[in-house]
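See structure below.
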Amino acid sequence: MRTITVIILACLACALMVAAGCTGTSRTATPATPAITAAASTPAAAANADPWSGTWDTRGSTPIALQTVGVLTLNQAGSLVTGTYSNGDNGKGTVSGTVTGNQLVGTWTVDYGRESDNGSFELVLSDDKKSFSGTWVSASDTANTLSTSPEFWDGVKRSSLRQ
């Protein structure tokens, strides 16, 4: 037990010396690493840099179904976002858009095998960057615009579900 205590105290003393810069081998000051570099390398900083990137569990409305459930996978590079999704109607689709502030505006396409569709969407990211809500409209729907569309598209980021 005494040996373990001595080892722990020696490690603590060594750590304090390193933290204080008293290693004794060099008198040259090491420039401090800017805080922004350290912050950018953390997962939280990366998530804030490209908050739309990730996998989202979504739900939305369709003209033929009150609600569908799907998975949306997005990749954000600066203000540009691209991605793919699948929905409850067995459709596979793509999205692309541009981020301005907490808003993602873009276009979508979907392929059901024997038919396809496309249109536009507008999604708004929550302040905590863990969910979004928005609307979508089909290109063939001339009666509605994104601001008047009754069709919704909401999502929750998968990593947010585990926290």
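Residue numbers start at 1 in each chain; chains themselves are named A, B, ... in the order of the structure tokens; ligands are numbered from 1 in the order shown.
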
Would you pick out the contacts of Gly101 in chain A at 10 Å or less, using only C-alpha atoms, so that residues sharing its chain but fewer than 4 positions from it are not included, and give the list as a CSV table (one decimal) with C-alpha atoms, in the first residue's frame?
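This is the output file selection.csv:
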chain,number,residue,atom,x,y,z
A,79,SER,CA,-22.9,26.8,-46.8
A,124,VAL,CA,-35.1,25.7,-39.8
A,125,LEU,CA,-32.5,24.3,-37.4

Apply DSSP to the structure's backbone, then extract all residues of range 48-124 of chain A labelled strand (DSSP E or B) and return them as number ranges by chain. A: 54-60, 68-77, 80-86, 92-100, 103-111, 116-124

Same residues, N, CA and C atoms, saved as a short mmCIF file (atom, residue, chain, number, x, y, z; two decimals), in the first residue's frame:
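And here is the file that came out, result29.cif:
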data_model
loop_
_atom_site.label_atom_id
_atom_site.label_comp_id
_atom_site.auth_asym_id
_atom_site.auth_seq_id
_atom_site.Cartn_x
_atom_site.Cartn_y
_atom_site.Cartn_z
N GLY A 54 -24.88 14.95 -40.70
CA GLY A 54 -25.27 13.87 -39.81
C GLY A 54 -26.47 13.11 -40.32
N THR A 55 -26.94 12.20 -39.48
CA THR A 55 -28.11 11.39 -39.81
C THR A 55 -29.28 11.86 -38.96
N TRP A 56 -30.40 12.08 -39.63
CA TRP A 56 -31.59 12.62 -39.00
C TRP A 56 -32.75 11.63 -39.15
N ASP A 57 -33.46 11.39 -38.07
CA ASP A 57 -34.71 10.64 -38.14
C ASP A 57 -35.80 11.68 -38.39
N THR A 58 -36.54 11.50 -39.47
CA THR A 58 -37.49 12.53 -39.86
C THR A 58 -38.91 11.97 -39.93
N ARG A 59 -39.84 12.90 -39.92
CA ARG A 59 -41.23 12.60 -40.19
C ARG A 59 -41.76 13.74 -41.04
N GLY A 60 -42.69 13.41 -41.87
CA GLY A 60 -43.24 14.44 -42.74
C GLY A 60 -44.59 14.03 -43.28
N THR A 68 -45.25 10.28 -42.86
CA THR A 68 -44.28 9.23 -43.18
C THR A 68 -43.07 9.41 -42.28
N VAL A 69 -42.31 8.36 -42.13
CA VAL A 69 -41.10 8.38 -41.33
C VAL A 69 -39.94 8.02 -42.25
N GLY A 70 -38.83 8.69 -42.11
CA GLY A 70 -37.69 8.40 -42.97
C GLY A 70 -36.38 8.79 -42.34
N VAL A 71 -35.31 8.47 -43.04
CA VAL A 71 -33.96 8.78 -42.60
C VAL A 71 -33.33 9.73 -43.62
N LEU A 72 -32.78 10.81 -43.13
CA LEU A 72 -32.14 11.82 -43.96
C LEU A 72 -30.68 11.90 -43.53
N THR A 73 -29.76 11.73 -44.48
CA THR A 73 -28.33 11.83 -44.20
C THR A 73 -27.78 13.03 -44.95
N LEU A 74 -27.22 13.98 -44.22
CA LEU A 74 -26.74 15.22 -44.81
C LEU A 74 -25.23 15.40 -44.62
N ASN A 75 -24.62 16.06 -45.58
CA ASN A 75 -23.21 16.45 -45.51
C ASN A 75 -23.14 17.94 -45.80
N GLN A 76 -22.60 18.69 -44.86
CA GLN A 76 -22.47 20.13 -45.02
C GLN A 76 -21.01 20.48 -45.23
N ALA A 77 -20.74 21.30 -46.24
CA ALA A 77 -19.41 21.85 -46.50
C ALA A 77 -19.59 23.35 -46.66
N LEU A 80 -22.94 24.90 -48.27
CA LEU A 80 -23.58 23.94 -49.17
C LEU A 80 -23.89 22.62 -48.46
N VAL A 81 -25.09 22.10 -48.69
CA VAL A 81 -25.52 20.85 -48.07
C VAL A 81 -26.05 19.92 -49.16
N THR A 82 -25.63 18.67 -49.11
CA THR A 82 -26.16 17.64 -50.01
C THR A 82 -26.50 16.43 -49.15
N GLY A 83 -27.37 15.58 -49.68
CA GLY A 83 -27.71 14.40 -48.91
C GLY A 83 -28.65 13.46 -49.61
N THR A 84 -28.99 12.39 -48.90
CA THR A 84 -29.91 11.38 -49.41
C THR A 84 -30.95 11.08 -48.33
N TYR A 85 -32.07 10.55 -48.76
CA TYR A 85 -33.08 10.16 -47.79
C TYR A 85 -33.91 9.00 -48.32
N SER A 86 -34.55 8.33 -47.39
CA SER A 86 -35.54 7.31 -47.72
C SER A 86 -36.77 7.66 -46.90
N LYS A 92 -36.64 6.68 -52.54
CA LYS A 92 -35.25 7.07 -52.26
C LYS A 92 -35.04 8.42 -52.94
N GLY A 93 -34.42 9.34 -52.22
CA GLY A 93 -34.28 10.67 -52.78
C GLY A 93 -32.97 11.34 -52.48
N THR A 94 -32.80 12.50 -53.06
CA THR A 94 -31.63 13.33 -52.83
C THR A 94 -32.09 14.74 -52.47
N VAL A 95 -31.25 15.44 -51.76
CA VAL A 95 -31.49 16.84 -51.43
C VAL A 95 -30.22 17.63 -51.66
N SER A 96 -30.38 18.89 -51.96
CA SER A 96 -29.24 19.82 -52.01
C SER A 96 -29.77 21.20 -51.67
N GLY A 97 -28.94 21.97 -50.97
CA GLY A 97 -29.40 23.28 -50.57
C GLY A 97 -28.28 24.15 -50.05
N THR A 98 -28.69 25.34 -49.61
CA THR A 98 -27.77 26.35 -49.12
C THR A 98 -28.21 26.79 -47.73
N VAL A 99 -27.23 26.93 -46.85
CA VAL A 99 -27.48 27.36 -45.48
C VAL A 99 -27.28 28.86 -45.38
N THR A 100 -28.23 29.51 -44.74
CA THR A 100 -28.11 30.92 -44.37
C THR A 100 -28.58 31.02 -42.93
N GLN A 103 -31.10 28.42 -41.35
CA GLN A 103 -32.06 27.97 -42.35
C GLN A 103 -31.38 27.25 -43.51
N LEU A 104 -31.97 26.13 -43.93
CA LEU A 104 -31.51 25.37 -45.09
C LEU A 104 -32.62 25.41 -46.13
N VAL A 105 -32.32 25.97 -47.29
CA VAL A 105 -33.30 26.08 -48.38
C VAL A 105 -32.72 25.34 -49.57
N GLY A 106 -33.54 24.49 -50.19
CA GLY A 106 -33.02 23.73 -51.31
C GLY A 106 -34.07 22.98 -52.10
N THR A 107 -33.60 21.99 -52.83
CA THR A 107 -34.46 21.18 -53.68
C THR A 107 -34.33 19.71 -53.30
N TRP A 108 -35.36 18.95 -53.60
CA TRP A 108 -35.37 17.52 -53.33
C TRP A 108 -35.85 16.78 -54.58
N THR A 109 -35.45 15.54 -54.69
CA THR A 109 -35.96 14.64 -55.73
C THR A 109 -36.24 13.30 -55.06
N VAL A 110 -37.18 12.56 -55.57
CA VAL A 110 -37.47 11.23 -55.04
C VAL A 110 -37.80 10.30 -56.20
N ASP A 111 -37.37 9.07 -56.06
CA ASP A 111 -37.62 8.05 -57.09
C ASP A 111 -38.32 6.87 -56.43
N SER A 116 -41.32 9.39 -60.31
CA SER A 116 -40.44 10.25 -59.52
C SER A 116 -41.12 11.60 -59.32
N ASP A 117 -40.56 12.38 -58.44
CA ASP A 117 -41.10 13.70 -58.14
C ASP A 117 -39.94 14.59 -57.68
N ASN A 118 -40.19 15.88 -57.64
CA ASN A 118 -39.18 16.83 -57.15
C ASN A 118 -39.87 18.08 -56.67
N GLY A 119 -39.11 18.90 -55.98
CA GLY A 119 -39.66 20.15 -55.47
C GLY A 119 -38.64 20.89 -54.64
N SER A 120 -39.14 21.72 -53.74
CA SER A 120 -38.25 22.52 -52.90
C SER A 120 -38.64 22.37 -51.44
N PHE A 121 -37.72 22.77 -50.56
CA PHE A 121 -37.95 22.69 -49.12
C PHE A 121 -37.29 23.85 -48.43
N GLU A 122 -37.74 24.09 -47.21
CA GLU A 122 -37.16 25.10 -46.33
C GLU A 122 -37.18 24.53 -44.92
N LEU A 123 -36.00 24.35 -44.34
CA LEU A 123 -35.89 23.77 -43.01
C LEU A 123 -35.21 24.77 -42.08
N VAL A 124 -35.64 24.79 -40.83
CA VAL A 124 -35.06 25.70 -39.84
C VAL A 124 -34.50 24.87 -38.69
#

CA of Ser126 in chain A and CA of Asp154 in chain A are how many Å apart?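 Taking CA of Ser126 in chain A and CA of Asp154 in chain A, their separation equals 10.7 Å.
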
So what do you get for CA of Ser159 in chain A versus CA of Asp50 in chain A, distance-wise?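 Calculated distance between CA of Ser159 in chain A and CA of Asp50 in chain A is 14.2 Å.
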
With distances taken over only C-alpha atoms, which of A:Ser61, A:Asn102, A:Asn87, A:Gln67 is nearest to Thr135 in chain A? A:Ser61
